[in-house]
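Trainee: Compact mmCIF, C-alpha atoms and all ligand atoms, file my_file_18.txt:
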```txt
# COMPACT_ATOMS: atom_id res chain seq x y z
CA MET A 180 63.32 109.90 347.71
CA VAL A 181 62.36 107.04 345.46
CA ALA A 182 62.41 107.78 341.71
CA ALA A 183 61.62 104.48 340.01
CA GLY A 184 61.35 105.94 336.47
CA ASP A 185 60.15 103.67 333.69
CA GLY A 186 61.08 100.53 331.73
CA ILE A 187 62.26 97.96 334.26
CA GLY A 188 62.98 100.75 336.78
CA PRO A 189 59.67 100.41 338.68
CA GLU A 190 59.95 96.60 338.69
CA VAL A 191 63.42 96.43 340.23
CA VAL A 192 62.68 99.28 342.65
CA GLU A 193 59.46 97.62 343.83
CA ALA A 194 61.36 94.38 344.44
CA THR A 195 64.08 96.27 346.33
CA LEU A 196 61.63 98.15 348.55
CA TYR A 197 59.75 94.93 349.25
CA ALA A 198 62.94 93.20 350.37
CA MET A 199 64.12 96.24 352.35
CA ASP A 200 60.80 96.43 354.12
CA GLY A 201 61.74 93.11 355.77
CA LEU A 202 64.60 94.90 357.57
CA GLY A 203 62.13 96.71 359.82
CA LEU A 204 63.85 100.10 359.43
CA ASP A 205 61.89 103.26 359.92
CA LEU A 206 62.64 104.88 356.55
CA GLU A 207 60.49 107.74 355.38
CA LEU A 208 59.93 107.46 351.61
CA TYR A 209 58.98 110.19 349.16
CA ILE A 210 57.90 108.69 345.84
CA GLU A 211 58.43 110.97 342.82
CA PRO A 212 57.54 110.08 339.21
CA VAL A 213 60.37 110.78 336.73
CA GLY A 214 61.05 109.99 333.08
CA MET A 215 58.07 109.16 330.88
CA ALA A 216 56.14 108.38 334.08
CA GLY A 217 56.79 112.02 335.07
CA VAL A 218 55.70 113.26 331.64
CA GLN A 219 52.41 111.39 332.05
CA GLU A 220 51.72 112.39 335.67
CA ARG A 221 53.27 115.87 335.90
CA GLY A 222 53.83 116.95 332.30
CA ALA A 223 57.64 116.85 332.65
CA PRO A 224 60.32 114.13 333.00
CA ILE A 225 61.50 115.89 336.14
CA THR A 226 59.98 119.00 337.71
CA ASP A 227 61.80 121.74 339.62
CA GLU A 228 59.76 120.68 342.64
CA THR A 229 61.18 117.16 342.42
CA VAL A 230 64.70 118.61 342.27
CA GLU A 231 64.00 120.67 345.40
CA ILE A 232 62.61 117.62 347.22
CA ALA A 233 65.71 115.65 346.15
CA ARG A 234 67.92 118.34 347.68
CA ASP A 235 66.23 117.85 351.06
CA MET A 236 66.59 114.07 351.05
CA ASP A 237 69.26 112.02 352.77
CA ALA A 238 69.41 109.74 349.72
CA ILE A 239 67.74 108.97 346.40
CA LEU A 240 66.98 105.48 345.12
CA PHE A 241 66.71 105.72 341.33
CA GLY A 242 65.45 102.98 339.00
CA ALA A 243 65.96 103.70 335.31
CA VAL A 244 64.50 105.88 332.59
CA GLU A 245 63.73 105.09 328.97
CA LYS A 246 65.10 107.04 326.05
CA PRO A 247 62.29 109.49 325.20
CA PRO A 248 60.43 109.44 321.87
CA PRO A 249 62.05 112.01 319.53
CA ASP A 250 59.03 114.35 319.57
CA VAL A 251 59.03 114.84 323.38
CA ASP A 252 60.75 117.90 324.86
CA TYR A 253 62.90 116.07 327.38
CA ARG A 254 65.26 117.04 330.19
CA SER A 255 67.07 113.96 331.47
CA PRO A 256 66.09 113.30 335.12
CA LEU A 257 69.38 111.62 335.89
CA LEU A 258 71.60 114.27 334.32
CA THR A 259 69.48 116.96 335.99
CA LEU A 260 69.88 115.39 339.43
CA ARG A 261 73.60 114.82 338.86
CA LYS A 262 74.06 118.45 337.90
CA GLU A 263 71.74 120.09 340.43
CA LEU A 264 73.01 118.05 343.39
CA GLU A 265 76.60 118.13 342.11
CA LEU A 266 76.92 114.37 342.32
CA TYR A 267 80.56 114.34 341.32
CA ALA A 268 81.75 110.84 342.25
CA ASN A 269 80.13 107.77 340.76
CA VAL A 270 81.14 104.61 342.62
CA ARG A 271 80.75 101.25 340.90
CA PRO A 272 81.94 98.18 342.80
CA ALA A 273 82.37 94.94 340.83
CA ARG A 274 83.13 91.43 342.03
CA PRO A 275 81.72 88.06 341.01
CA LEU A 276 78.87 87.48 343.46
CA VAL A 277 78.59 83.82 342.66
CA PRO A 278 81.59 82.01 341.10
CA THR A 279 79.45 80.27 338.48
CA HIS A 280 78.31 83.63 337.13
CA SER A 281 81.85 84.93 336.70
CA ARG A 282 83.11 85.16 333.11
CA LEU A 283 86.67 85.02 334.41
CA GLY A 284 88.32 81.69 333.69
CA PRO A 285 91.52 80.32 335.24
CA VAL A 286 94.65 82.00 333.82
CA VAL A 287 96.35 78.59 333.85
CA PRO A 288 94.04 75.83 332.53
CA GLY A 289 92.62 74.01 335.52
CA GLY A 290 94.04 76.59 337.93
CA PRO A 291 92.12 78.74 340.38
CA VAL A 292 89.79 81.44 339.06
CA PRO A 293 91.31 84.80 339.98
CA GLN A 294 89.10 87.21 341.87
CA LEU A 295 88.20 90.53 340.36
CA ASP A 296 87.21 92.85 343.19
CA VAL A 297 87.41 96.43 342.01
CA VAL A 298 85.71 99.67 342.91
CA ILE A 299 85.61 102.16 340.08
CA VAL A 300 85.31 105.80 341.14
CA ARG A 301 84.28 107.71 338.06
CA GLU A 302 84.39 111.50 337.75
CA ASN A 303 80.76 112.25 337.06
CA THR A 304 80.42 115.88 336.00
CA GLU A 305 82.68 116.61 333.04
CA GLY A 306 84.87 114.91 330.43
CA LEU A 307 82.94 114.23 327.22
CA TYR A 308 79.69 114.30 329.24
CA VAL A 309 79.50 118.07 328.99
CA ARG A 310 77.93 117.03 325.66
CA ARG A 311 79.18 119.96 323.61
CA GLU A 312 79.60 118.98 319.99
CA HIS A 313 80.38 121.47 317.24
CA VAL A 314 80.03 121.00 313.54
CA ILE A 315 83.29 121.73 311.76
CA GLU A 316 84.21 121.51 308.14
CA ASP A 317 83.63 117.92 307.08
CA GLY A 318 82.88 116.64 310.57
CA VAL A 319 82.10 117.23 314.21
CA MET A 320 84.29 118.16 317.14
CA ALA A 321 83.42 117.15 320.72
CA GLU A 322 84.68 119.04 323.76
CA ARG A 323 86.23 117.07 326.58
CA VAL A 324 86.57 119.10 329.76
CA ILE A 325 88.93 118.26 332.62
CA THR A 326 89.25 120.85 335.40
CA ARG A 327 91.55 120.97 338.38
CA LYS A 328 88.65 121.44 340.81
CA ALA A 329 86.64 118.41 339.60
CA SER A 330 89.75 116.24 339.34
CA GLU A 331 90.97 117.13 342.82
CA ARG A 332 87.66 116.46 344.54
CA VAL A 333 87.16 113.07 342.88
CA HIS A 334 90.72 112.02 343.80
CA ARG A 335 90.16 113.07 347.41
CA PHE A 336 86.88 111.17 347.39
CA ALA A 337 88.57 108.03 346.01
CA PHE A 338 91.25 108.01 348.72
CA GLU A 339 88.74 108.73 351.47
CA TRP A 340 86.39 106.05 350.16
CA ALA A 341 89.27 103.54 349.99
CA ARG A 342 90.27 104.32 353.57
CA ALA A 343 86.71 104.15 354.89
CA HIS A 344 86.17 100.75 353.24
CA GLY A 345 89.46 99.12 354.20
CA ARG A 346 90.90 99.26 350.68
CA THR A 347 94.67 99.54 350.34
CA LYS A 348 95.43 100.70 346.79
CA VAL A 349 94.16 103.46 344.48
CA THR A 350 95.10 103.57 340.80
CA CYS A 351 94.54 106.61 338.59
CA VAL A 352 93.43 105.46 335.12
CA HIS A 353 94.20 107.88 332.26
CA LYS A 354 95.65 108.29 328.79
CA ALA A 355 98.08 111.08 329.56
CA ASN A 356 100.55 109.81 326.97
CA LEU A 357 98.04 110.87 324.29
CA LEU A 358 95.97 113.59 325.98
CA ARG A 359 98.93 115.21 327.63
CA ARG A 360 97.21 118.34 328.83
CA SER A 361 93.73 117.12 329.85
CA ASP A 362 94.54 113.65 331.18
CA GLY A 363 97.89 115.10 332.17
CA LEU A 364 96.03 117.45 334.53
CA PHE A 365 93.89 114.60 335.87
CA LEU A 366 97.07 112.63 336.64
CA GLU A 367 98.97 115.58 338.03
CA THR A 368 96.17 116.44 340.49
CA PHE A 369 95.97 112.75 341.49
CA GLU A 370 99.64 112.76 342.41
CA GLU A 371 99.29 116.02 344.33
CA VAL A 372 96.30 114.72 346.32
CA ALA A 373 98.02 111.38 346.93
CA ARG A 374 101.12 113.07 348.33
CA ASP A 375 98.92 115.28 350.47
CA ILE A 376 96.52 112.77 352.04
CA ALA A 377 97.43 109.19 351.18
CA ALA A 378 100.50 108.27 353.22
CA ASP A 379 98.72 105.07 354.37
CA ILE A 380 97.49 104.00 350.93
CA GLU A 381 99.42 102.55 348.01
CA TRP A 382 98.91 104.56 344.82
CA SER A 383 99.91 104.32 341.20
CA ASP A 384 98.61 105.07 337.72
CA MET A 385 97.92 103.13 334.54
CA HIS A 386 96.85 103.83 330.96
CA VAL A 387 93.21 102.99 330.33
CA ASP A 388 93.95 100.47 327.57
CA ALA A 389 96.45 98.62 329.77
CA MET A 390 93.89 98.67 332.60
CA ALA A 391 91.23 97.04 330.38
CA ALA A 392 93.68 94.23 329.59
CA ALA A 393 94.79 93.89 333.22
CA MET A 394 91.21 93.53 334.44
CA VAL A 395 90.87 90.46 332.23
CA THR A 396 94.35 88.92 332.42
CA ASP A 397 95.34 89.83 335.99
CA PRO A 398 92.03 90.67 337.71
CA GLY A 399 93.29 90.18 341.24
CA SER A 400 95.83 93.00 340.82
CA GLN A 401 93.32 95.86 340.97
CA ASP A 402 91.59 97.54 343.90
CA VAL A 403 90.15 101.11 343.73
CA LEU A 404 90.37 102.87 340.34
CA VAL A 405 89.76 106.58 339.85
CA THR A 406 89.00 107.65 336.29
CA PRO A 407 87.75 110.47 334.08
CA ASN A 408 84.10 110.13 333.11
CA LEU A 409 84.15 108.06 329.90
CA TYR A 410 86.89 105.61 330.92
CA GLY A 411 84.95 104.85 334.11
CA ASP A 412 81.77 104.25 332.15
CA ILE A 413 83.46 101.76 329.83
CA LEU A 414 85.63 100.01 332.43
CA SER A 415 82.69 99.55 334.79
CA ASP A 416 80.62 97.85 332.09
CA LEU A 417 83.62 95.65 331.33
CA ALA A 418 83.89 94.77 335.02
CA ALA A 419 80.13 94.17 335.24
CA GLY A 420 80.27 91.89 332.21
CA LEU A 421 83.14 89.91 333.72
CA CYS A 422 81.26 89.54 336.98
CA GLY A 423 77.96 88.20 335.68
CA GLY A 424 76.25 90.96 333.74
CA LEU A 425 74.52 94.29 334.09
CA GLY A 426 71.71 92.81 336.16
CA LEU A 427 74.15 92.52 339.09
CA ALA A 428 75.99 95.87 338.98
CA PRO A 429 75.12 98.56 341.56
CA SER A 430 76.26 102.16 341.78
CA GLY A 431 76.19 105.18 344.05
CA SER A 432 76.75 108.82 343.10
CA TYR A 433 77.96 111.08 345.88
CA GLY A 434 78.18 114.83 345.85
CA GLU A 435 77.99 118.22 347.44
CA ASP A 436 74.22 118.18 347.93
CA GLY A 437 73.16 114.55 348.19
CA ALA A 438 73.66 110.95 347.14
CA LEU A 439 71.88 108.87 344.53
CA PHE A 440 71.89 105.10 344.24
CA GLU A 441 70.92 103.25 341.06
CA PRO A 442 71.58 100.06 339.16
CA VAL A 443 74.18 100.51 336.40
CA HIS A 444 71.78 99.08 333.82
CA GLY A 445 69.24 101.15 331.91
CA SER A 446 65.54 100.70 331.35
CA ALA A 447 65.95 97.48 329.31
CA PRO A 448 62.86 98.05 327.14
CA ASP A 449 63.30 94.57 325.62
CA ILE A 450 62.25 92.90 328.90
CA ALA A 451 60.21 95.65 330.59
CA GLY A 452 56.75 94.67 331.81
CA GLN A 453 57.50 90.94 331.81
CA GLY A 454 58.35 90.65 335.51
CA ILE A 455 61.70 88.97 334.76
CA ALA A 456 64.18 91.81 335.32
CA ASP A 457 67.01 90.96 337.67
CA PRO A 458 66.60 93.13 340.81
CA VAL A 459 70.05 92.32 342.25
CA ALA A 460 71.76 95.47 340.91
CA CYS A 461 69.03 97.63 342.41
CA MET A 462 69.07 95.72 345.71
CA LEU A 463 72.85 96.13 346.00
CA SER A 464 72.44 99.83 345.21
CA GLY A 465 70.01 99.77 348.14
CA VAL A 466 72.78 98.19 350.24
CA MET A 467 75.10 101.09 349.33
CA MET A 468 72.29 103.48 350.23
CA LEU A 469 71.77 101.87 353.65
CA ASP A 470 75.50 102.22 354.35
CA HIS A 471 75.29 105.87 353.36
CA LEU A 472 72.25 106.40 355.61
CA GLY A 473 74.18 105.03 358.58
CA HIS A 474 72.58 101.58 358.75
CA PRO A 475 75.60 99.30 358.19
CA GLU A 476 74.04 96.32 360.00
CA ALA A 477 70.91 96.46 357.89
CA ALA A 478 73.10 96.86 354.81
CA ARG A 479 75.06 93.69 355.65
CA ARG A 480 71.83 91.76 356.33
CA LEU A 481 70.34 92.73 352.98
CA GLU A 482 73.59 92.03 351.14
CA GLY A 483 73.93 88.69 352.90
CA ALA A 484 70.38 87.70 351.98
CA VAL A 485 70.91 88.60 348.30
CA LEU A 486 74.20 86.68 348.13
CA ASP A 487 72.69 83.71 349.94
CA ALA A 488 69.77 83.59 347.52
CA LEU A 489 72.15 83.65 344.55
CA ALA A 490 74.41 81.02 346.14
CA SER A 491 71.36 78.77 346.63
CA GLY A 492 70.68 78.91 342.89
CA VAL A 493 67.84 81.41 343.14
CA SER A 494 68.06 83.76 340.15
CA THR A 495 66.19 85.48 337.34
CA PRO A 496 66.42 84.32 333.68
CA ASP A 497 69.43 86.55 332.81
CA LEU A 498 71.46 84.20 335.05
CA GLY A 499 69.70 81.10 333.82
CA GLY A 500 67.21 80.97 336.70
CA GLU A 501 63.45 80.64 336.78
CA HIS A 502 62.49 83.25 339.34
CA GLY A 503 60.64 86.41 338.43
CA THR A 504 61.63 89.80 339.82
CA LEU A 505 59.22 89.65 342.75
CA GLY A 506 59.83 85.94 343.30
CA PHE A 507 63.51 86.74 343.80
CA ALA A 508 62.57 89.54 346.22
CA GLU A 509 60.40 87.09 348.16
CA GLU A 510 63.37 84.71 348.53
CA VAL A 511 65.56 87.58 349.76
CA ARG A 512 62.96 88.74 352.24
CA GLU A 513 62.53 85.25 353.67
CA ARG A 514 66.28 85.14 354.29
CA LEU A 515 66.21 88.36 356.29
P1 LIG A 601 68.65 102.12 328.02
O1 LIG A 601 68.37 102.67 326.66
O2 LIG A 601 67.65 102.59 329.03
O3 LIG A 601 70.07 102.29 328.46
P2 LIG A 601 69.26 99.50 327.08
O4 LIG A 601 68.44 98.29 326.83
O5 LIG A 601 69.96 100.13 325.91
O6 LIG A 601 68.37 100.56 327.88
P3 LIG A 601 70.27 98.35 329.39
O7 LIG A 601 68.99 98.61 330.06
O8 LIG A 601 71.49 98.65 330.17
O9 LIG A 601 70.41 99.17 328.09
O10 LIG A 601 70.24 96.84 328.94
C1 LIG A 601 71.19 96.23 328.09
C2 LIG A 601 70.85 94.75 327.99
O11 LIG A 601 71.01 94.12 329.27
C3 LIG A 601 69.40 94.51 327.58
O12 LIG A 601 69.37 93.51 326.60
C4 LIG A 601 68.70 94.03 328.82
O13 LIG A 601 67.75 93.04 328.56
C5 LIG A 601 69.83 93.49 329.71
N1 LIG A 601 69.55 93.90 331.10
C6 LIG A 601 69.81 95.10 331.64
N2 LIG A 601 69.42 95.15 332.92
C7 LIG A 601 68.89 93.95 333.20
C8 LIG A 601 68.29 93.38 334.39
N3 LIG A 601 68.16 94.06 335.52
N4 LIG A 601 67.85 92.13 334.30
C9 LIG A 601 67.98 91.41 333.19
N5 LIG A 601 68.53 91.88 332.05
C10 LIG A 601 68.99 93.14 332.05
```
Kindly present the structure from the file in structure tokens form.
Mentor:
Amino acid sequence: MVAAGDGIGPEVVEATLYAMDGLGLDLELYIEPVGMAGVQERGAPITDETVEIARDMDAILFGAVEKPPPDVDYRSPLLTLRKELELYANVRPARPLVPTHSRLGPVVPGGPVPQLDVVIVRENTEGLYVRREHVIEDGVMAERVITRKASERVHRFAFEWARAHGRTKVTCVHKANLLRRSDGLFLETFEEVARDIAADIEWSDMHVDAMAAAMVTDPGSQDVLVTPNLYGDILSDLAAGLCGGLGLAPSGSYGEDGALFEPVHGSAPDIAGQGIADPVACMLSGVMMLDHLGHPEAARRLEGAVLDALASGVSTPDLGGEHGTLGFAEEVRERL
């Protein structure tokens, strides 16, 4: 299913589908309007019918959705799909695609630029994202939920993902020194799962603040990170920023009833409609989707074409280039 959404969503999705079309795969596409596009066409940001269609799909390619105007009764398409399909593991790989776009400088002046190459596996269903806030005397209290079931399954996923992708180390990121019970449970289940299934993989844990520093000062030291919801959100934007910006960061959400692939960025209303959005994040989400669909060769071809275009200096204005969204897609398609 293709759910392009609104803002720059339809622009980057169109560019991605155009490039992917050059692979000659026989993919059957169901196009569903979501977000404000859904409100206009179907009277709702996401209908129950769309959710049912999504359940039947092998994968969903999602663009982005705008924040709704305050007067619109709005159910978030993304949160709905995450919840209904139980998409519990959000995977966000980050590495500098082109050295010149990396914000990482040499640790020693004049020395080599260290490589950040991390995959952040973020628990996607709970933490602060249960969005339960209560007014208390003189303030507000937010609930942060960590359960054994959700923690265990995301840890298992992280180790299995690491193994399937030739990764050798998984680090649990937490703040169990402060949140001794909730993050303590997240860490405890990590250690249990690791002892159970990860004899062939190195594993350790680190406090989230120390991890943020390590990603900047010792970027080569990290591999696969597994985190509660909010830490993963923040660390993956940090990693994306270090690697060249949000326009380059892909993601995949995997779960009990499906898989959804989307760029990490949002709808970017400031540049929507101008034809200058960077489609790389969406294209690389498409690469993750092709891998998931069992087309690894096509995935490598598309990835190779995107990286080759970037390495040849082809880019959109966010990276200092002069290509438009579709112009970039054209360059990628020619390279296929
Ligand atoms: P939303 O409210 O939907 O999250 P936002 O603008 O708050 O939208 P993002 O869409 O993530 O958040 O964008 C943050 C900034 O990054 C914006 O200034 C935007 O122009 C820039 N940006 C995001 N995605 C891209 C992209 N694909 N190409 C170029 N610039 C981008």
Trainee: Please return as an MDAnalysis selection string the residues found within 6 Å of ligand LIG 601 (chain A), counting only C-alpha atoms and all ligand atoms.
Mentor: chainID A and resid 244:246 425:426 444:450 456:458 497
Trainee: Return the single residue from A:Leu486, A:Asp412, A:Glu513, A:Leu264 that is closest to Met236 in chain A, with distances computed using only C-alpha atoms.
Mentor: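 Going through A:Leu486, A:Asp412, A:Glu513, A:Leu264 one by one, the smallest distance to Met236 in chain A is for A:Leu264.
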Trainee: Please measure the separation of CA of Gly454 in chain A and CA of Leu505 in chain A, giving the value in Å to one decimal.
Mentor: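 Pair CA of Gly454 in chain A / CA of Leu505 in chain A returns 7.4 Å.
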Trainee: Would you mind reading off the distance between CA of Asp205 in chain A and CA of Val511 in chain A, one decimal, in Å?
Mentor: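 About the pair CA of Asp205 in chain A and CA of Val511 in chain A: they are 19.0 Å apart.
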Trainee: I need the residue nearest Val298 in chain A from this list: A:Leu206, A:Leu366, A:Leu414, A:Ile187. Use all atoms listed in the file for the distance.
Mentor: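 The shortest atom-to-atom distance to Val298 in chain A comes from A:Leu414.
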Trainee: What gap, in Å, lies between CA of Gly411 in chain A and CA of Arg342 in chain A?
Mentor: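 Straight-line distance from CA of Gly411 in chain A to CA of Arg342 in chain A works out to 20.2 Å.
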Trainee: Calculated over all atoms listed in the file, which of the candidates A:Thr504, A:Thr368, A:Thr406, A:Asn303 has the smallest distance to Gly188 in chain A?
Mentor: A:Thr504
Trainee: Determine, counting only C-alpha atoms, which protein, DNA and RNA residues have an atom within 6 Å of an atom of His386 in chain A; residues of the same chain fewer than 3 positions away are not included. Present the result as a CSV table (one decimal) with C-alpha atoms, in the frame of the given file.
Mentor:
```csv
chain,number,residue,atom,x,y,z
A,352,VAL,CA,93.4,105.5,335.1
A,353,HIS,CA,94.2,107.9,332.3
A,354,LYS,CA,95.6,108.3,328.8
A,389,ALA,CA,96.4,98.6,329.8
```
Trainee: Nearest residue to Gly465 in chain A out of A:Phe241, A:Ile413, A:Leu404, A:Lys348, using only C-alpha atoms?
Mentor: A:Phe241
Trainee: For range 307-322 of chain A, please output as a PDB file with C-alpha atoms, in the coordinates of the input all residues within 10 Å (counting all atoms listed in the file; exclusion window: fewer than 5 positions along the same chain).
Mentor:
```pdb
ATOM      1  CA  LEU A 258      71.600 114.270 334.320  1.00  0.00           C
ATOM      2  CA  PRO A 407      87.750 110.470 334.080  1.00  0.00           C
ATOM      3  CA  ASN A 408      84.100 110.130 333.110  1.00  0.00           C
ATOM      4  CA  LEU A 409      84.150 108.060 329.900  1.00  0.00           C
TER       5      LEU A 409
END
```
